[in-house]
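Printed here is entry-v2.cif (mmCIF, C-alpha atoms):
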data_data
loop_
_atom_site.label_atom_id
_atom_site.label_comp_id
_atom_site.auth_asym_id
_atom_site.auth_seq_id
_atom_site.Cartn_x
_atom_site.Cartn_y
_atom_site.Cartn_z
CA MET A 1 -5.75 -57.06 -55.24
CA LYS A 2 -6.39 -60.21 -57.21
CA THR A 3 -9.56 -61.87 -56.02
CA GLY A 4 -8.24 -65.40 -56.36
CA PHE A 5 -5.24 -64.75 -54.16
CA ALA A 6 -7.30 -62.96 -51.53
CA LEU A 7 -9.90 -65.71 -51.33
CA ALA A 8 -7.20 -68.35 -51.13
CA MET A 9 -5.62 -66.51 -48.22
CA VAL A 10 -8.96 -66.31 -46.39
CA ALA A 11 -9.68 -69.98 -47.08
CA GLY A 12 -6.26 -70.96 -45.74
CA LEU A 13 -6.73 -68.95 -42.58
CA THR A 14 -10.17 -70.44 -42.03
CA ALA A 15 -8.81 -73.94 -42.51
CA ALA A 16 -6.17 -73.24 -39.89
CA LEU A 17 -8.80 -73.03 -37.13
CA PRO A 18 -8.05 -75.43 -34.31
CA SER A 19 -4.34 -73.13 -34.79
CA PRO A 20 6.00 -34.23 -21.42
CA ASN A 21 8.05 -34.06 -24.65
CA TYR A 22 5.53 -33.96 -27.42
CA GLY A 23 6.13 -34.60 -31.08
CA THR A 24 4.26 -33.76 -34.23
CA ILE A 25 2.42 -36.13 -36.49
CA GLU A 26 3.11 -36.23 -40.19
CA LEU A 27 0.99 -38.13 -42.67
CA ASP A 28 2.79 -40.29 -45.21
CA ASN A 29 1.53 -40.56 -48.75
CA VAL A 30 0.38 -44.04 -49.75
CA THR A 31 -0.75 -45.70 -52.96
CA LEU A 32 -4.42 -46.37 -53.55
CA SER A 33 -5.63 -49.96 -53.46
CA GLN A 34 -6.24 -51.73 -56.74
CA PHE A 35 -9.71 -53.12 -57.44
CA GLU A 36 -10.98 -55.58 -60.00
CA PRO A 37 -12.94 -53.94 -62.88
CA SER A 38 -16.25 -54.89 -61.24
CA ASP A 39 -15.25 -53.30 -57.95
CA LEU A 40 -15.09 -49.70 -56.79
CA GLN A 41 -12.77 -47.67 -58.97
CA PRO A 42 -9.60 -46.08 -57.52
CA ARG A 43 -9.92 -42.49 -56.36
CA ALA A 44 -7.61 -39.56 -56.99
CA LYS A 45 -4.21 -39.77 -55.34
CA GLY A 46 -3.72 -38.42 -51.85
CA PRO A 47 -2.68 -39.50 -48.38
CA TRP A 48 -5.48 -42.03 -47.97
CA ASN A 49 -5.50 -45.57 -49.29
CA GLY A 50 -9.05 -46.44 -50.16
CA PRO A 51 -11.73 -47.16 -49.85
CA VAL A 52 -10.00 -50.52 -49.55
CA MET A 53 -13.22 -52.57 -49.92
CA ASP A 54 -16.51 -51.81 -51.62
CA ILE A 55 -18.61 -52.69 -48.56
CA SER A 56 -19.90 -50.80 -45.57
CA PHE A 57 -17.25 -51.17 -42.83
CA PRO A 58 -17.93 -48.53 -40.16
CA ASP A 59 -15.86 -47.95 -37.02
CA PRO A 60 -12.96 -50.13 -38.19
CA THR A 61 -10.37 -51.44 -35.79
CA LEU A 62 -7.03 -53.11 -36.59
CA PHE A 63 -5.24 -56.08 -35.06
CA ILE A 64 -1.94 -57.59 -36.22
CA ASP A 65 -1.38 -61.24 -35.35
CA GLY A 66 1.98 -62.46 -36.60
CA ASN A 67 2.07 -61.72 -40.33
CA VAL A 68 -1.70 -61.44 -40.69
CA TRP A 69 -3.68 -58.23 -40.35
CA TRP A 70 -7.30 -58.31 -39.23
CA ALA A 71 -9.94 -55.57 -39.33
CA TYR A 72 -13.26 -55.64 -37.48
CA ALA A 73 -16.28 -53.35 -37.89
CA THR A 74 -19.67 -52.37 -36.53
CA SER A 75 -22.68 -54.43 -37.64
CA SER A 76 -23.75 -53.15 -41.06
CA ASP A 77 -25.65 -54.19 -44.20
CA GLY A 78 -26.29 -57.74 -43.03
CA ASN A 79 -22.58 -58.60 -43.09
CA GLY A 80 -22.67 -60.21 -39.65
CA HIS A 81 -22.64 -58.93 -36.09
CA ILE A 82 -18.90 -58.26 -36.47
CA PRO A 83 -17.83 -57.95 -40.13
CA LEU A 84 -14.28 -59.19 -40.65
CA ALA A 85 -11.56 -58.36 -43.18
CA VAL A 86 -8.04 -59.72 -43.69
CA SER A 87 -4.78 -58.50 -45.20
CA ASN A 88 -1.18 -59.66 -45.51
CA ASP A 89 0.31 -56.15 -45.54
CA GLY A 90 -2.22 -53.72 -44.01
CA ASN A 91 -2.78 -51.96 -47.34
CA LYS A 92 -4.75 -54.37 -49.53
CA TRP A 93 -7.79 -55.84 -47.83
CA THR A 94 -10.30 -58.62 -48.49
CA TRP A 95 -13.70 -58.99 -46.88
CA ALA A 96 -13.54 -62.42 -45.21
CA LYS A 97 -17.32 -62.97 -45.43
CA MET A 98 -17.21 -64.33 -41.88
CA ASP A 99 -18.97 -63.17 -38.73
CA ALA A 100 -16.41 -62.93 -35.93
CA MET A 101 -19.28 -63.00 -33.38
CA PRO A 102 -22.00 -65.35 -34.67
CA ASP A 103 -23.77 -65.41 -31.28
CA VAL A 104 -24.20 -62.09 -29.43
CA GLY A 105 -24.66 -63.78 -26.08
CA PRO A 106 -27.13 -63.63 -23.21
CA TRP A 107 -27.40 -59.96 -22.23
CA ILE A 108 -27.91 -58.29 -25.62
CA ASP A 109 -31.43 -57.00 -26.32
CA SER A 110 -33.21 -59.41 -28.67
CA GLY A 111 -34.81 -56.43 -30.40
CA ASP A 112 -31.51 -54.68 -31.14
CA ARG A 113 -28.67 -57.10 -31.80
CA GLY A 114 -26.40 -54.65 -33.58
CA ILE A 115 -22.86 -54.69 -32.20
CA TRP A 116 -20.86 -51.47 -32.37
CA ALA A 117 -17.18 -50.50 -32.45
CA PRO A 118 -15.22 -53.69 -31.68
CA SER A 119 -11.64 -53.57 -30.41
CA VAL A 120 -9.47 -56.72 -30.31
CA PHE A 121 -6.25 -57.62 -28.48
CA LYS A 122 -4.38 -60.68 -27.22
CA ASN A 123 -4.40 -60.88 -23.43
CA ASP A 124 -1.78 -62.13 -20.97
CA ASN A 125 -3.25 -65.65 -21.13
CA GLY A 126 -2.90 -65.92 -24.90
CA LYS A 127 -6.63 -65.51 -25.53
CA TYR A 128 -8.10 -63.02 -27.98
CA VAL A 129 -10.40 -60.49 -26.32
CA MET A 130 -12.91 -58.20 -27.97
CA TYR A 131 -14.41 -55.09 -26.43
CA PHE A 132 -17.66 -53.95 -28.03
CA SER A 133 -20.82 -51.95 -27.39
CA GLY A 134 -24.19 -53.68 -27.25
CA LYS A 135 -27.66 -52.73 -26.09
CA ARG A 136 -28.66 -54.34 -22.84
CA ALA A 137 -32.21 -55.69 -22.64
CA GLY A 138 -34.50 -52.96 -21.32
CA ALA A 139 -31.66 -50.48 -20.93
CA ARG A 140 -29.01 -48.53 -22.82
CA ARG A 141 -25.77 -49.62 -24.46
CA CYS A 142 -22.95 -51.08 -22.40
CA ALA A 143 -19.36 -52.11 -23.06
CA GLY A 144 -19.07 -55.89 -23.26
CA THR A 145 -16.33 -58.47 -23.54
CA ALA A 146 -15.97 -61.56 -25.70
CA VAL A 147 -13.19 -64.16 -25.85
CA ALA A 148 -11.87 -66.40 -28.63
CA ASP A 149 -9.05 -68.84 -29.31
CA TYR A 150 -8.35 -67.31 -32.72
CA PRO A 151 -8.32 -63.70 -33.98
CA GLN A 152 -11.08 -64.48 -36.50
CA GLY A 153 -13.27 -65.87 -33.74
CA PRO A 154 -15.77 -67.11 -32.99
CA PHE A 155 -15.81 -64.63 -30.13
CA LYS A 156 -17.98 -65.80 -27.24
CA VAL A 157 -19.67 -63.04 -25.24
CA THR A 158 -19.24 -63.18 -21.47
CA SER A 159 -22.29 -63.44 -19.23
CA LYS A 160 -22.42 -59.81 -18.08
CA PRO A 161 -21.42 -56.44 -19.56
CA LEU A 162 -18.22 -54.83 -18.30
CA ILE A 163 -19.29 -51.17 -18.11
CA CYS A 164 -22.76 -49.60 -18.13
CA ASP A 165 -23.87 -45.99 -17.58
CA ASP A 166 -27.58 -45.64 -18.24
CA ALA A 167 -27.81 -42.33 -16.38
CA GLY A 168 -25.10 -40.86 -18.62
CA GLY A 169 -26.73 -42.10 -21.85
CA GLY A 170 -24.98 -45.45 -22.23
CA VAL A 171 -21.48 -46.63 -23.10
CA ILE A 172 -20.15 -46.88 -26.66
CA ASP A 173 -16.81 -47.04 -28.49
CA PRO A 174 -14.84 -49.13 -25.97
CA VAL A 175 -11.22 -49.60 -27.04
CA GLN A 176 -8.20 -51.33 -25.55
CA PHE A 177 -4.84 -49.72 -24.81
CA TYR A 178 -1.60 -51.21 -23.46
CA ASP A 179 1.13 -48.85 -22.22
CA GLY A 180 3.82 -51.52 -21.85
CA LYS A 181 2.93 -52.17 -18.22
CA ASN A 182 -0.79 -51.71 -17.67
CA ARG A 183 -3.84 -52.53 -19.72
CA TRP A 184 -6.61 -49.97 -20.07
CA ILE A 185 -10.07 -49.60 -21.54
CA LEU A 186 -11.30 -46.28 -22.96
CA TRP A 187 -14.90 -45.49 -23.84
CA LYS A 188 -17.37 -42.73 -24.64
CA VAL A 189 -20.29 -41.94 -22.37
CA ASP A 190 -23.06 -41.48 -24.93
CA GLY A 191 -24.61 -38.36 -23.46
CA ASN A 192 -25.96 -37.07 -26.75
CA ALA A 193 -28.32 -40.09 -26.77
CA LEU A 194 -30.20 -38.28 -24.01
CA GLY A 195 -30.86 -35.24 -26.21
CA GLY A 196 -29.62 -31.74 -25.54
CA LYS A 197 -28.49 -29.00 -27.91
CA THR A 198 -26.57 -31.30 -30.29
CA THR A 199 -27.94 -32.14 -33.72
CA CYS A 200 -26.74 -35.73 -33.19
CA THR A 201 -29.58 -37.19 -31.15
CA GLY A 202 -32.91 -38.92 -31.53
CA SER A 203 -34.05 -37.62 -28.15
CA PRO A 204 -35.66 -34.26 -27.33
CA HIS A 205 -33.57 -31.15 -27.88
CA THR A 206 -32.85 -28.81 -25.00
CA GLY A 207 -30.78 -25.65 -24.61
CA GLU A 208 -27.63 -27.29 -23.20
CA TYR A 209 -25.23 -29.89 -24.48
CA LYS A 210 -25.07 -33.16 -22.58
CA PRO A 211 -21.59 -34.36 -21.53
CA THR A 212 -20.00 -36.97 -23.80
CA PRO A 213 -16.77 -37.64 -21.89
CA ILE A 214 -14.02 -39.98 -23.00
CA ARG A 215 -13.12 -42.06 -19.97
CA ILE A 216 -10.36 -44.51 -19.15
CA GLN A 217 -9.85 -47.22 -16.52
CA ARG A 218 -7.25 -49.89 -15.86
CA VAL A 219 -8.12 -53.54 -16.42
CA SER A 220 -6.55 -56.83 -15.36
CA GLY A 221 -3.98 -58.63 -17.50
CA ASP A 222 -6.68 -60.76 -19.08
CA GLY A 223 -8.66 -57.62 -19.93
CA LEU A 224 -11.83 -58.91 -18.31
CA THR A 225 -11.85 -57.21 -14.88
CA LEU A 226 -11.87 -53.50 -14.07
CA GLN A 227 -9.24 -52.12 -11.69
CA GLY A 228 -9.17 -48.79 -9.87
CA ASN A 229 -11.59 -46.03 -10.82
CA PRO A 230 -12.54 -44.44 -14.14
CA LYS A 231 -11.30 -40.98 -15.07
CA THR A 232 -12.49 -38.49 -17.66
CA ILE A 233 -9.62 -37.48 -19.95
CA LEU A 234 -11.50 -35.38 -22.54
CA ASN A 235 -14.92 -33.83 -23.13
CA HIS A 236 -16.48 -31.89 -25.96
CA SER A 237 -16.06 -28.14 -26.49
CA GLY A 238 -19.71 -27.27 -27.04
CA ASP A 239 -20.61 -25.62 -30.35
CA ALA A 240 -17.14 -26.29 -31.79
CA ASP A 241 -17.81 -30.06 -31.60
CA ASP A 242 -21.63 -30.01 -31.87
CA GLY A 243 -21.49 -31.39 -28.34
CA VAL A 244 -19.87 -34.69 -29.35
CA VAL A 245 -16.52 -36.39 -28.91
CA GLU A 246 -16.28 -40.12 -29.55
CA GLY A 247 -14.31 -42.95 -31.15
CA PRO A 248 -11.17 -42.81 -28.95
CA ALA A 249 -7.86 -44.50 -29.70
CA MET A 250 -4.59 -44.03 -27.84
CA TRP A 251 -0.88 -44.35 -28.65
CA LYS A 252 2.20 -44.12 -26.44
CA ARG A 253 4.81 -42.10 -28.31
CA LYS A 254 7.34 -42.50 -25.50
CA PRO A 255 7.28 -42.27 -21.68
CA GLY A 256 5.42 -39.12 -20.69
CA SER A 257 4.02 -38.54 -24.19
CA TYR A 258 0.65 -40.03 -25.14
CA VAL A 259 -1.69 -39.24 -28.02
CA LEU A 260 -5.47 -39.53 -27.85
CA PHE A 261 -7.23 -39.70 -31.21
CA PHE A 262 -10.97 -39.02 -31.37
CA SER A 263 -13.78 -37.76 -33.60
CA THR A 264 -16.11 -34.78 -33.16
CA HIS A 265 -19.55 -33.79 -34.51
CA CYS A 266 -22.21 -36.26 -35.63
CA TYR A 267 -21.09 -39.42 -37.42
CA SER A 268 -23.58 -38.74 -40.24
CA SER A 269 -22.36 -35.17 -40.78
CA ASP A 270 -19.75 -33.93 -43.24
CA LYS A 271 -18.27 -32.13 -40.22
CA TYR A 272 -17.31 -35.46 -38.66
CA ASP A 273 -13.53 -35.49 -38.38
CA ILE A 274 -10.45 -36.98 -36.73
CA GLN A 275 -8.61 -34.95 -34.10
CA TYR A 276 -5.91 -35.68 -31.57
CA ALA A 277 -4.70 -34.31 -28.24
CA TRP A 278 -1.65 -34.76 -26.04
CA GLY A 279 -1.29 -36.03 -22.48
CA THR A 280 1.52 -37.00 -20.10
CA ALA A 281 -0.08 -40.30 -18.99
CA PRO A 282 -2.94 -42.53 -20.16
CA ASP A 283 -5.24 -41.06 -17.50
CA ALA A 284 -4.01 -37.46 -17.76
CA ASP A 285 -6.07 -34.53 -19.02
CA PHE A 286 -5.54 -34.41 -22.79
CA GLN A 287 -4.97 -30.97 -24.28
CA HIS A 288 -3.48 -29.13 -27.27
CA ARG A 289 -6.05 -30.41 -29.74
CA LYS A 290 -5.27 -30.56 -33.44
CA THR A 291 -7.12 -31.87 -36.50
CA LEU A 292 -5.83 -34.85 -38.47
CA ALA A 293 -8.53 -35.34 -41.12
CA THR A 294 -11.65 -33.51 -42.37
CA SER A 295 -14.03 -33.85 -45.31
CA GLY A 296 -12.70 -32.82 -48.70
CA PRO A 297 -13.53 -33.20 -52.41
CA ASN A 298 -10.08 -34.11 -53.70
CA GLN A 299 -10.10 -37.90 -53.26
CA PRO A 300 -13.04 -37.46 -52.29
CA ILE A 301 -13.88 -38.37 -48.69
CA TYR A 302 -16.62 -37.07 -46.40
CA GLY A 303 -17.13 -37.57 -42.68
CA PRO A 304 -13.81 -39.31 -41.97
CA GLY A 305 -13.79 -40.63 -38.44
CA HIS A 306 -13.62 -43.28 -35.76
CA MET A 307 -9.92 -43.91 -36.30
CA ASP A 308 -7.85 -46.76 -34.94
CA ILE A 309 -4.06 -47.15 -34.93
CA ALA A 310 -2.36 -50.51 -35.45
CA SER A 311 0.33 -51.88 -33.17
CA ASP A 312 3.01 -50.93 -35.74
CA GLY A 313 2.49 -47.32 -34.63
CA THR A 314 2.22 -46.20 -38.24
CA THR A 315 -0.91 -47.59 -39.87
CA ILE A 316 -4.32 -46.09 -39.16
CA ALA A 317 -7.80 -47.10 -40.27
CA PHE A 318 -11.01 -45.08 -40.30
CA HIS A 319 -14.29 -44.90 -42.17
CA GLY A 320 -15.49 -42.27 -44.60
CA ARG A 321 -18.11 -41.65 -47.29
CA ASP A 322 -17.43 -40.85 -50.95
CA LYS A 323 -20.34 -38.39 -51.30
CA PRO A 324 -21.31 -35.29 -49.31
CA GLY A 325 -24.53 -34.99 -47.34
CA ASN A 326 -24.81 -38.65 -46.33
CA PRO A 327 -27.13 -39.73 -49.19
CA LYS A 328 -28.68 -43.19 -49.15
CA ASP A 329 -26.44 -44.47 -51.95
CA THR A 330 -23.21 -43.98 -49.99
CA LYS A 331 -21.59 -46.14 -47.32
CA ARG A 332 -19.08 -45.72 -44.53
CA ARG A 333 -16.18 -47.61 -46.10
CA MET A 334 -12.73 -48.27 -44.66
CA TYR A 335 -9.69 -46.14 -45.50
CA ILE A 336 -6.05 -46.70 -44.54
CA GLY A 337 -3.36 -44.10 -43.87
CA LYS A 338 0.20 -43.90 -42.58
CA ILE A 339 1.31 -41.58 -39.80
CA LYS A 340 4.60 -40.93 -38.04
CA PHE A 341 5.60 -39.25 -34.82
CA PRO A 342 8.76 -37.20 -35.43
CA THR A 343 10.67 -35.53 -32.66
CA GLY A 344 9.77 -31.95 -31.83
CA ASP A 345 7.36 -29.91 -29.80
CA TYR A 346 3.60 -30.39 -30.10
CA THR A 347 3.23 -26.72 -31.08
CA GLU A 348 4.70 -27.54 -34.50
CA GLY A 349 1.28 -28.90 -35.34
CA ILE A 350 0.37 -31.62 -37.78
CA LYS A 351 1.75 -31.84 -41.30
CA VAL A 352 -0.48 -33.54 -43.81
CA ILE A 353 0.98 -34.45 -47.21
CA ASN A 354 -1.23 -34.10 -50.34
CA TYR A 355 -4.44 -33.72 -48.40
#

Written as structure tokens, that's how I'd like the structure from this file.
Amino acid sequence: MKTGFALAMVAGLTAALPSPNYGTIELDNVTLSQFEPSDLQPRAKGPWNGPVMDISFPDPTLFIDGNVWWAYATSSDGNGHIPLAVSNDGNKWTWAKMDAMPDVGPWIDSGDRGIWAPSVFKNDNGKYVMYFSGKRAGARRCAGTAVADYPQGPFKVTSKPLICDDAGGGVIDPVQFYDGKNRWILWKVDGNALGGKTTCTGSPHTGEYKPTPIRIQRVSGDGLTLQGNPKTILNHSGDADDGVVEGPAMWKRKPGSYVLFFSTHCYSSDKYDIQYAWGTAPDADFQHRKTLATSGPNQPIYGPGHMDIASDGTTIAFHGRDKPGNPKDTKRRMYIGKIKFPTGDYTEGIKVINY
């Protein structure tokens, strides 16, 4: 990507302010992004495009608004509470050097203002809504909401969090989903924050894994009010997941066929991965788990995870590291991939090309 063009596009956008049949998944091969000589060098060819920017961009989420693609990330490396990137095709990306949430609002702990795992959508009133996870003062993380007039923000945090669960360990990784009729919010109950058998905790270890369920609940058309009751749609499988499932994203393949994407193991581990499971409704029990992406030396990429799928139903984004073992000189950068949902039974499994 030519730097001049990318910066011009960002400048133009900134100036515009105040403007049960299951199918398999097959990964399409894509071309690696091009970097300027001073930037990160292209990796070996494979199914992943990236890293698409030489910055830390963990827990990426995608939002398409007209002909413009936006990506949002967890707070990292002093790049703002919500780092922001922009693209005109979903493949070549430019860091916008803007904070989509310059003010974290009234309920975020002043001692921990890091905002995690944003998810953005346009609601029924034409406003842009962001779900995110933030630490409540004197308590654990909650899912919050913020609203903006433009996809690049500034997103203004509402006065109270939307979902809290201190007894369960807190709420992280909230993400929106629209099934064509109802809006939903999914999230992870952060049980491993309480300790347990998992390696992924800063709390005392015990002999049993704590639950880390993925839950879902309907919301109003504006996305700001909960409706009905929450339901658990997936939980970890003990040792096989190191007691962790997190980073949900959902896609409706067709009526009666839904896919839940998620990650397992600790985010800092090379065992961190992307998996998926099938369900017959957004709030069904999701089963028939398969793996979409794991660590590997070929491109290379380590700890791929926290995937999101764009509204085109084809483009996915996730973060990964370029070195094993999570050394200090590596970052969780953003990668792009292409997936498709062919007809067929879920038992065919996933086909990954050149990975």

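Between Gly223 of chain A and the candidates A:Phe262, A:Tyr131, A:Tyr209, A:Tyr276, the tightest atom-to-atom separation, counting all atoms listed in the file, involves A:Tyr131.
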
>> For the provided coordinates, the residues matched by the PyMOL selection byres ((chain A and resi 323-328) around 7) should be stated as a list in words.
In response: Ser268, Ser269, Asp270, Ile301, Tyr302, Arg321, Asp322, Asp329 and Thr330 of chain A

> With only C-alpha atoms as the basis for distance, which of A:Ala137, A:Ile64, A:Met53, A:Ile185 is at the shortest distance from Ser110 of chain A?
Replying inline: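 Smallest distance to Ser110 of chain A is found for A:Ala137.
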
>> Rounded to one decimal, what separation in Å do you get between atom CA of Ala167 of chain A and atom CA of Ser263 of chain A?
In response: 22.7 Å

> Do you know which residues are at most 8 Å from Gly221 of chain A counting only C-alpha atoms, after dropping those on the same chain fewer than 3 positions away, and could you put them as a list in words?
Replying inline: Asn123, Asp124, Asn125, Asn182, Arg183 and Leu224 of chain A

How about saving the chosen residues, C-alpha atoms kept, as a PDB file, in the coordinates of the input?
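Once everything was written out, this is selection_39.pdb:
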ATOM      1  CA  ASN A 123      -4.400 -60.880 -23.430  1.00  0.00           C
ATOM      2  CA  ASP A 124      -1.780 -62.130 -20.970  1.00  0.00           C
ATOM      3  CA  ASN A 125      -3.250 -65.650 -21.130  1.00  0.00           C
ATOM      4  CA  ASN A 182      -0.790 -51.710 -17.670  1.00  0.00           C
ATOM      5  CA  ARG A 183      -3.840 -52.530 -19.720  1.00  0.00           C
ATOM      6  CA  LEU A 224     -11.830 -58.910 -18.310  1.00  0.00           C
TER       7      LEU A 224
END

> Which residues come within 8 Å of Trp251 of chain A, counting only C-alpha atoms, excluding same-chain residues fewer than 3 positions away, as a ChimeraX atom specification?
Replying inline: /A:177,258-260,309,313

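Taking atom CA of Ala284 of chain A as the reference point, atom CA of Ser237 of chain A is found at 17.6 Å.
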
Find the smallest box with edges along x, y and z containing every listed atom of segment 127-142 of chain A, then add 8 Å on each side and report centre and edge lengths in Å to one decimal, as AutoDock Vina command-line options.
--center_x -20.6 --center_y -57.0 --center_z -24.5 --size_x 43.9 --size_y 33.0 --size_z 23.1

>> I'd like the residues picked by the PyMOL selection byres ((chain A and resi 101) around 9) written out as a PyMOL selection string, using the chain letters and numbers from the file.
In response: chain A and resi 80-83+98-100+102-104+146+152-157

Just write the chosen residues, C-alpha atoms, as a PDB file, in the frame of the given file.
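File produced: result.pdb:
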ATOM      1  CA  GLY A  80     -22.670 -60.210 -39.650  1.00  0.00           C
ATOM      2  CA  HIS A  81     -22.640 -58.930 -36.090  1.00  0.00           C
ATOM      3  CA  ILE A  82     -18.900 -58.260 -36.470  1.00  0.00           C
ATOM      4  CA  PRO A  83     -17.830 -57.950 -40.130  1.00  0.00           C
ATOM      5  CA  MET A  98     -17.210 -64.330 -41.880  1.00  0.00           C
ATOM      6  CA  ASP A  99     -18.970 -63.170 -38.730  1.00  0.00           C
ATOM      7  CA  ALA A 100     -16.410 -62.930 -35.930  1.00  0.00           C
ATOM      8  CA  PRO A 102     -22.000 -65.350 -34.670  1.00  0.00           C
ATOM      9  CA  ASP A 103     -23.770 -65.410 -31.280  1.00  0.00           C
ATOM     10  CA  VAL A 104     -24.200 -62.090 -29.430  1.00  0.00           C
ATOM     11  CA  ALA A 146     -15.970 -61.560 -25.700  1.00  0.00           C
ATOM     12  CA  GLN A 152     -11.080 -64.480 -36.500  1.00  0.00           C
ATOM     13  CA  GLY A 153     -13.270 -65.870 -33.740  1.00  0.00           C
ATOM     14  CA  PRO A 154     -15.770 -67.110 -32.990  1.00  0.00           C
ATOM     15  CA  PHE A 155     -15.810 -64.630 -30.130  1.00  0.00           C
ATOM     16  CA  LYS A 156     -17.980 -65.800 -27.240  1.00  0.00           C
ATOM     17  CA  VAL A 157     -19.670 -63.040 -25.240  1.00  0.00           C
TER      18      VAL A 157
END

> Quick one: of A:Ala293, A:Leu162, A:Val129, A:Cys200, who's nearest to Tyr150 of chain A, counting only C-alpha atoms?
Replying inline: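 Of the candidates, the smallest distance to Tyr150 of chain A is held by A:Val129.
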
>> Let me make sure I understand: among A:Leu234, A:Asp283, A:Arg333, A:Gly228, which one has the smallest atom-to-atom distance to Gly256 of chain A if we use all atoms listed in the file?
In response: A:Asp283

>> Using Å and a single decimal, report how far atom CA of Thr212 of chain A sits from atom CA of Val189 of chain A.
In response: 5.2 Å

> Of the residues A:Ala73, A:Ala143, A:Met250, A:Val175, which is the one nearest to Lys160 of chain A, using only C-alpha atoms?
Replying inline: A:Ala143

>> Using only C-alpha atoms for the distances, tell me which of A:Pro213, A:Asp54, A:Asp166, A:Lys122 is nearest to Ala139 of chain A.
In response: A:Asp166

>> As a check of understanding, name the residues that the PyMOL selection byres ((chain A and resi 48) around 6) selects in the supplied structure, as number ranges by chain.
In response: A: 46-47, 49, 336-337

> Counting only C-alpha atoms, what is within 9 Å of Asn229 of chain A, bar same-chain residues fewer than 4 positions away, as a PyMOL selection string?
Replying inline: chain A and resi 216-218

>> Residues near Gly320 of chain A, anyone? I mean within 8 Å using only C-alpha atoms, not counting same-chain ones fewer than 6 positions away, as a ChimeraX atom specification.
In response: /A:301-305,331-335

> Neighbours of segment 172-174 of chain A within 8 Å (only C-alpha atoms; same-chain residues fewer than 2 positions away dropped), as number ranges by chain?
Replying inline: A: 116-119, 131-134, 141-143, 170, 176, 185-190, 246-248

Hey, could you patch up segment 73-84 of chain A with N, CA, C and O atoms and hand it over as an mmCIF file, keeping the file's coordinate frame?
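The file below, rebuild-v8.cif, is the result:
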data_model
loop_
_atom_site.group_PDB
_atom_site.id
_atom_site.type_symbol
_atom_site.label_atom_id
_atom_site.label_comp_id
_atom_site.auth_asym_id
_atom_site.auth_seq_id
_atom_site.Cartn_x
_atom_site.Cartn_y
_atom_site.Cartn_z
ATOM 1 N N ALA A 73 -15.418 -54.526 -37.702
ATOM 2 C CA ALA A 73 -16.280 -53.350 -37.890
ATOM 3 C C ALA A 73 -17.604 -53.514 -37.161
ATOM 4 O O ALA A 73 -17.982 -54.610 -36.726
ATOM 5 N N THR A 74 -18.304 -52.413 -37.060
ATOM 6 C CA THR A 74 -19.670 -52.370 -36.530
ATOM 7 C C THR A 74 -20.620 -53.139 -37.444
ATOM 8 O O THR A 74 -20.447 -53.174 -38.665
ATOM 9 N N SER A 75 -21.645 -53.750 -36.860
ATOM 10 C CA SER A 75 -22.680 -54.430 -37.640
ATOM 11 C C SER A 75 -23.221 -53.512 -38.724
ATOM 12 O O SER A 75 -23.572 -52.362 -38.448
ATOM 13 N N SER A 76 -23.306 -54.011 -39.964
ATOM 14 C CA SER A 76 -23.750 -53.150 -41.060
ATOM 15 C C SER A 76 -24.143 -53.984 -42.271
ATOM 16 O O SER A 76 -23.456 -54.951 -42.626
ATOM 17 N N ASP A 77 -25.241 -53.632 -42.904
ATOM 18 C CA ASP A 77 -25.650 -54.190 -44.200
ATOM 19 C C ASP A 77 -25.772 -55.709 -44.195
ATOM 20 O O ASP A 77 -25.542 -56.365 -45.222
ATOM 21 N N GLY A 78 -26.114 -56.303 -43.074
ATOM 22 C CA GLY A 78 -26.290 -57.740 -43.030
ATOM 23 C C GLY A 78 -25.019 -58.544 -43.192
ATOM 24 O O GLY A 78 -25.064 -59.725 -43.550
ATOM 25 N N ASN A 79 -23.869 -57.920 -42.920
ATOM 26 C CA ASN A 79 -22.580 -58.600 -43.090
ATOM 27 C C ASN A 79 -22.096 -59.280 -41.814
ATOM 28 O O ASN A 79 -20.902 -59.568 -41.688
ATOM 29 N N GLY A 80 -23.008 -59.558 -40.894
ATOM 30 C CA GLY A 80 -22.670 -60.210 -39.650
ATOM 31 C C GLY A 80 -22.681 -59.238 -38.483
ATOM 32 O O GLY A 80 -22.686 -58.025 -38.659
ATOM 33 N N HIS A 81 -22.695 -59.789 -37.276
ATOM 34 C CA HIS A 81 -22.640 -58.930 -36.090
ATOM 35 C C HIS A 81 -21.314 -58.183 -36.029
ATOM 36 O O HIS A 81 -21.263 -57.010 -35.659
ATOM 37 N N ILE A 82 -20.226 -58.876 -36.390
ATOM 38 C CA ILE A 82 -18.900 -58.260 -36.470
ATOM 39 C C ILE A 82 -18.301 -58.587 -37.838
ATOM 40 O O ILE A 82 -17.707 -59.653 -38.024
ATOM 41 N N PRO A 83 -18.470 -57.727 -38.829
ATOM 42 C CA PRO A 83 -17.830 -57.950 -40.130
ATOM 43 C C PRO A 83 -16.309 -58.037 -39.967
ATOM 44 O O PRO A 83 -15.714 -57.346 -39.141
ATOM 45 N N LEU A 84 -15.698 -58.869 -40.793
ATOM 46 C CA LEU A 84 -14.280 -59.190 -40.650
ATOM 47 C C LEU A 84 -13.580 -59.053 -41.991
ATOM 48 O O LEU A 84 -14.105 -59.455 -43.030
#
